Every structure is written in structure tokens, then in C-alpha cells.
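All remarks here apply to the structure that follows.
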Amino acid sequence: MIITIETSSLQEIEPLLLALKSLNIKSIKIQDSPVTPKPIITRGNKKLDPKALFGIWQNKPRIIEQIRSAAFPAR
């Protein structure tokens, strides 16, 4: 049987390890998991004027059938 307990430090699990050892449990394995780096988040430019983007899709297809027919013309 395998039991997994996740903690942030070994000090948190020491009382439990002592209790398990007092019960004569012979096979106790401690595996340190690798730390995954957090993604780098860059803040956006809040000075951008969104009004310049209004009407960008005015002459473009907005219905899925129009998009498909433009992407895959019939032969």
C-alpha cells in the first residue's frame, strides 16, 4: 500500500514520521518533489486606446459558414 502526503516542509511531517516509526513500520520513503517554476507574467500596456480597434471586423465574415467557405473554397 502506498500513502502520499504532500507538505511544504519536512518539519510539518516529523511528528507523523515519529508515530509511524513507533508502530514498527519499516518501509518509509520520503521523496522530495521538484519545484516547478511559475510562469512569467508581464503586465499589459494600459495606455493602449481600444477605440482604434472598433470596427476591425466590419468587412470580415462573422458567421461560421462564411469563415469556412473563405478558408476552404470549393474546387
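Order determines the names: the first chain of the C-alpha cells is A, the second B, and so forth; residues in each chain are numbered 1 upward, and ligands are numbered 1 upward as they are shown.
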Sort by chain and increasing residue number a table of all residues of region 18-61 of chain A within 12 Å of region 2-12 of chain A, each with its closest pair of atoms and their distance in Å to one decimal, counting only C-alpha atoms, and write it as a tab-separated table.
```
residue	atom	partner	partner_atom	distance
A:Leu18	CA	A:Gln11	CA	11.5
A:Ser27	CA	A:Ile2	CA	10.4
A:Ile28	CA	A:Ile2	CA	9.8
A:Lys29	CA	A:Ile2	CA	9.8
A:Ile30	CA	A:Leu10	CA	9.2
A:Gln31	CA	A:Thr4	CA	9.8
A:Asp32	CA	A:Leu10	CA	9.4
A:Ser33	CA	A:Glu6	CA	9.3
A:Pro34	CA	A:Ser8	CA	11.9
A:Val35	CA	A:Ser8	CA	10.9
```
What does the file look like for those residues with C-alpha atoms, as a PDB file, in the first residue's frame?
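Full text of part-v3.pdb as output:
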```pdb
ATOM      1  CA  LEU A  18       7.901   9.533  14.672  1.00  0.00           C
ATOM      2  CA  SER A  27       9.468   0.932   4.958  1.00  0.00           C
ATOM      3  CA  ILE A  28       9.047   4.710   4.957  1.00  0.00           C
ATOM      4  CA  LYS A  29      10.170   6.584   1.854  1.00  0.00           C
ATOM      5  CA  ILE A  30      10.417  10.361   1.617  1.00  0.00           C
ATOM      6  CA  GLN A  31      10.520  11.793  -1.884  1.00  0.00           C
ATOM      7  CA  ASP A  32      11.193  15.455  -2.495  1.00  0.00           C
ATOM      8  CA  SER A  33       9.215  16.668  -5.490  1.00  0.00           C
ATOM      9  CA  PRO A  34      10.862  19.017  -7.970  1.00  0.00           C
ATOM     10  CA  VAL A  35       9.753  22.619  -7.794  1.00  0.00           C
TER      11      VAL A  35
END
```
Notebook entry, point to check: Residues of chain A in helix (DSSP H, G or I) according to DSSP, as an NGL selection string?
Noted result: :A and (10-22 or 50-53 or 64-71)
